[in-house]
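Quick notes on the structure that follows.
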Amino acid sequence: MTDTTAIRGRLLSFRRAPDGPGDAGSYRFIEDGLVLVKDGRIAAVGDYAGLRGRLPEGVAVEHHPDGLILPGFIDTHIHFPQTQVIASYGARLLDWLEKYTFIEEQRYADPAHAAAGAAFFLDELLRNGTTTAVAYGSVHPQSVDALFAEAERRGAGLIAGKVMMDRHAPAALTDTAESGYADSKALIARWHGHGRQRYAVTPRFAITSTEAQLEAAGALLREHAGVHMQTHLSENAEEIATVRRLFPAARDYTDVYDRFGLLGPTSLFGHCIHLSEAEMGRLSETGSVAVFCPTSNLFIGSGLFDRAALARADRPVRTALATDVGGGTSYSMLRTAGEAYKVLQLNRQNLPALAAFDLMTRGNAAALGLEAEIGALEPGRWADLVVLDPRATPAMRHRMTTVDGDLEEELFVLMTLGDDRAVAATYLRGRIAHRRVGW
């Protein structure tokens, strides 16, 4: 029997990256729209008046007359074992790892702890309207098993991987080149393509992997077509100097990864703040993705992302947006977009509301190569949706009285003042996965 659901409200979905403010051709907005869902995927999208006749008998319509319905948010860089590291005081990147992160991640050797953490993690993502995430596990395979199992149980799709670290970390948190390869290979066999789950080969960063382990990571990518790769690149000046010392033969930090075949269109590099022109050129040539993590970069004091430099027309670098919890300070992609705006303002750049919401949805899906699956309200995509309430708080209600129907201004209010409270409901595969109390 076909499983059919229907969701009604104001619909917004992006067709392409906006050229700037006012680019109405970049999106589709329907004032009173309907999303018809069959077996978890979008079957039709359009005006309610035109589609209501296609509703099967007995199908109730979930109506959100005051909500703005978009594709579910996509977070392209987040650390699953760091939910209790978030809001840790007073350290720069390398000290922060030693003082907080490496201690916390050792707890994920316990499958019960990992399972409880996975339940909290998915709860928090969905409460913030995030329906897909690219997540780092700990070094322990059981952490990734727990995360994938919880996502599959809920019907969510994740990209995740076991961190590979064979040096410069506590003994209880290191693997070897051989065991990291074997554990990752087993996880790929167990989870990649299982339901909605996808795997990411995950060397934490060059400092914590030997050349042998980076070579093993490259071998995994060569052997398993379609898997992603995630790591960190050029986040912090001290980190870059350490990489230079550990890999003296490499031309630069990006070249360390390039030598082992880790660049490419399924490769995601967190931060990318302090890149040289040569590095940006190489990322562009390979189709690699630079992931902007604004709240983390501000909180840890790493620097300001240069979106304009990466977007240069003669050698554009693909970019994505992410929370980077727990260096990042919020699970909310709305908050993340608001901080991205501020970072770019400091760099004498700008992030229009249309561009921000495109990034959180269609843009991040395209960065992951998943634009045919998620990120747009289009037939055939998974019916992962977020319903936003632009009047969620007293301050937002007060501000919205001056908006007077201007969609872009409403979006800017949401990304500047919004957070988890502005998420009225979240859907996975057309089914409610979170509903705010009182909505």
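Ordering of the structure tokens sets the chain letters (A, B, ...); residue numbers start at 1 within each chain; ligands are numbered from 1 in the order shown.
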
Each region 16-106 of chain A residue no farther than 12 Å from region 253-271 of chain A, nearest pair in Å, only C-alpha atoms, as a Markdown table:
| residue | atom | partner | partner_atom | distance |
| --- | --- | --- | --- | --- |
| A:Asp75 | CA | A:Gly270 | CA | 11.8 |
| A:Thr76 | CA | A:Leu268 | CA | 8.1 |
| A:His77 | CA | A:Gly270 | CA | 6.8 |
| A:Ile78 | CA | A:Gly270 | CA | 9.6 |
| A:His79 | CA | A:Gly270 | CA | 11.4 |
| A:Leu93 | CA | A:His271 | CA | 12.0 |

Okay, now the selection with N, CA, C and O atoms, as a short mmCIF file (atom, residue, chain, number, x, y, z; two decimals), in the first residue's frame?
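As a result, out_39.cif now contains:
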data_model
loop_
_atom_site.label_atom_id
_atom_site.label_comp_id
_atom_site.auth_asym_id
_atom_site.auth_seq_id
_atom_site.Cartn_x
_atom_site.Cartn_y
_atom_site.Cartn_z
N ASP A 75 23.75 20.21 7.29
CA ASP A 75 24.96 20.63 8.02
C ASP A 75 26.12 19.80 7.48
O ASP A 75 26.13 18.58 7.61
N THR A 76 27.13 20.45 6.92
CA THR A 76 28.18 19.72 6.20
C THR A 76 29.44 19.45 7.01
O THR A 76 30.41 18.91 6.47
N HIS A 77 29.43 19.79 8.31
CA HIS A 77 30.62 19.51 9.14
C HIS A 77 30.21 19.64 10.60
O HIS A 77 29.98 20.75 11.10
N ILE A 78 30.15 18.51 11.31
CA ILE A 78 29.76 18.51 12.72
C ILE A 78 30.37 17.29 13.38
O ILE A 78 30.52 16.24 12.75
N HIS A 79 30.73 17.42 14.66
CA HIS A 79 31.41 16.35 15.40
C HIS A 79 30.43 15.70 16.38
O HIS A 79 30.10 16.29 17.41
N LEU A 93 42.93 26.25 19.04
CA LEU A 93 42.61 24.96 18.46
C LEU A 93 43.38 23.78 19.06
O LEU A 93 42.78 22.83 19.57
#

**OP:** Please provide as a ChimeraX atom specification all residues within 12 Å of His194 (chain A), with the sequence filter that same-chain residues fewer than 5 positions apart are discarded (counting only C-alpha atoms).
**Re:** /A:145,148-149,151-153,155-159,187-189,199

Selection from above, N, CA, C and O atoms, as an mmCIF file, in the first residue's frame, can you write it?
data_model
loop_
_atom_site.group_PDB
_atom_site.id
_atom_site.type_symbol
_atom_site.label_atom_id
_atom_site.label_comp_id
_atom_site.auth_asym_id
_atom_site.auth_seq_id
_atom_site.Cartn_x
_atom_site.Cartn_y
_atom_site.Cartn_z
ATOM 1 N N ASP A 145 28.780 3.084 14.277
ATOM 2 C CA ASP A 145 27.672 2.119 14.255
ATOM 3 C C ASP A 145 26.459 2.683 14.985
ATOM 4 O O ASP A 145 25.317 2.588 14.506
ATOM 5 N N PHE A 148 24.857 5.703 12.853
ATOM 6 C CA PHE A 148 24.134 5.241 11.674
ATOM 7 C C PHE A 148 22.860 4.482 12.068
ATOM 8 O O PHE A 148 21.817 4.635 11.434
ATOM 9 N N ALA A 149 22.962 3.657 13.094
ATOM 10 C CA ALA A 149 21.789 2.882 13.516
ATOM 11 C C ALA A 149 20.661 3.802 13.969
ATOM 12 O O ALA A 149 19.483 3.569 13.647
ATOM 13 N N ALA A 151 20.211 6.991 13.050
ATOM 14 C CA ALA A 151 19.706 7.704 11.879
ATOM 15 C C ALA A 151 18.799 6.816 11.051
ATOM 16 O O ALA A 151 17.724 7.245 10.603
ATOM 17 N N GLU A 152 19.190 5.582 10.858
ATOM 18 C CA GLU A 152 18.384 4.664 10.058
ATOM 19 C C GLU A 152 17.052 4.380 10.739
ATOM 20 O O GLU A 152 16.015 4.287 10.078
ATOM 21 N N ARG A 153 17.063 4.267 12.059
ATOM 22 C CA ARG A 153 15.826 4.012 12.793
ATOM 23 C C ARG A 153 14.824 5.143 12.586
ATOM 24 O O ARG A 153 13.616 4.910 12.486
ATOM 25 N N GLY A 155 14.810 7.262 9.945
ATOM 26 C CA GLY A 155 14.582 7.578 8.544
ATOM 27 C C GLY A 155 15.415 8.730 8.033
ATOM 28 O O GLY A 155 15.157 9.253 6.943
ATOM 29 N N ALA A 156 16.413 9.149 8.793
ATOM 30 C CA ALA A 156 17.288 10.246 8.372
ATOM 31 C C ALA A 156 18.447 9.700 7.550
ATOM 32 O O ALA A 156 18.839 8.541 7.686
ATOM 33 N N GLY A 157 19.020 10.543 6.720
ATOM 34 C CA GLY A 157 20.209 10.177 5.973
ATOM 35 C C GLY A 157 21.416 10.949 6.468
ATOM 36 O O GLY A 157 21.382 12.182 6.515
ATOM 37 N N LEU A 158 22.456 10.249 6.859
ATOM 38 C CA LEU A 158 23.690 10.889 7.306
ATOM 39 C C LEU A 158 24.856 10.484 6.419
ATOM 40 O O LEU A 158 24.841 9.443 5.762
ATOM 41 N N ILE A 159 25.885 11.323 6.428
ATOM 42 C CA ILE A 159 27.211 10.962 5.928
ATOM 43 C C ILE A 159 28.118 11.017 7.140
ATOM 44 O O ILE A 159 28.174 12.037 7.832
ATOM 45 N N LEU A 187 33.234 -0.650 8.097
ATOM 46 C CA LEU A 187 32.107 0.261 8.250
ATOM 47 C C LEU A 187 31.483 0.620 6.893
ATOM 48 O O LEU A 187 30.264 0.728 6.765
ATOM 49 N N ILE A 188 32.318 0.793 5.891
ATOM 50 C CA ILE A 188 31.814 1.057 4.544
ATOM 51 C C ILE A 188 30.950 -0.110 4.076
ATOM 52 O O ILE A 188 29.839 0.081 3.554
ATOM 53 N N ALA A 189 31.447 -1.315 4.278
ATOM 54 C CA ALA A 189 30.680 -2.496 3.865
ATOM 55 C C ALA A 189 29.359 -2.603 4.623
ATOM 56 O O ALA A 189 28.344 -3.033 4.064
ATOM 57 N N TYR A 199 29.023 6.827 3.704
ATOM 58 C CA TYR A 199 30.244 6.853 4.515
ATOM 59 C C TYR A 199 31.185 7.967 4.060
ATOM 60 O O TYR A 199 31.253 8.314 2.885
#

Subject >> Those in region 235-340 of chain A with strand (DSSP E or B) from DSSP, as a list in words >> reply: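 So, restricting region 235-340 of chain A to strand (DSSP E or B), we get Ser267, Leu268, Phe269, Gly270, His271, Val289, Ala290, Val291, Phe292, Arg318, Thr319, Ala320 and Leu321 of chain A.
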
Those same residues - C-alpha atoms - I'd like them written as a CSV table (one decimal), in the first residue's frame.
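Just written: again26.csv:
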chain,number,residue,atom,x,y,z
A,267,SER,CA,36.2,15.7,-0.4
A,268,LEU,CA,35.1,18.2,2.3
A,269,PHE,CA,37.7,20.4,3.9
A,270,GLY,CA,36.6,22.1,7.1
A,271,HIS,CA,37.6,25.8,7.6
A,289,VAL,CA,34.7,21.7,-1.2
A,290,ALA,CA,35.8,24.3,1.4
A,291,VAL,CA,33.4,24.2,4.4
A,292,PHE,CA,32.7,27.6,6.1
A,318,ARG,CA,33.0,25.0,-4.2
A,319,THR,CA,31.9,26.0,-0.7
A,320,ALA,CA,29.4,24.8,1.9
A,321,LEU,CA,28.2,26.0,5.3

**OP:** Give me the residues within 8 Å of Ala44 (chain A) as a PyMOL selection string, counting only C-alpha atoms and dropping any in the same chain fewer than 4 places off.
**Re:** chain A and resi 34-37+378-379

Residues from last step as file, C-alpha atoms, as a PDB file, in the first residue's frame:
ATOM      1  CA  LEU A  34       1.114  21.783  -1.132  1.00  0.00           C
ATOM      2  CA  VAL A  35       3.781  19.106  -0.928  1.00  0.00           C
ATOM      3  CA  LEU A  36       2.359  15.689  -1.767  1.00  0.00           C
ATOM      4  CA  VAL A  37       4.487  12.829  -0.439  1.00  0.00           C
ATOM      5  CA  GLU A 378      11.022  18.903  -6.215  1.00  0.00           C
ATOM      6  CA  PRO A 379       9.434  15.586  -7.226  1.00  0.00           C
TER       7      PRO A 379
END

**OP:** With a distance cut-off of 9 Å and only C-alpha atoms, select the neighbouring residues of Arg431 (chain A), excluding the residue or stretch itself and same-chain residues fewer than 5 positions from it, and output the selection as a PyMOL selection string.
**Re:** chain A and resi 5+40+383-384+426

Subject >> Residue contacts of region 390-405 of chain A (7 Å, only C-alpha atoms) excluding same-chain residues fewer than 6 positions away, as a PyMOL selection string >> reply: chain A and resi 414+417+421-422
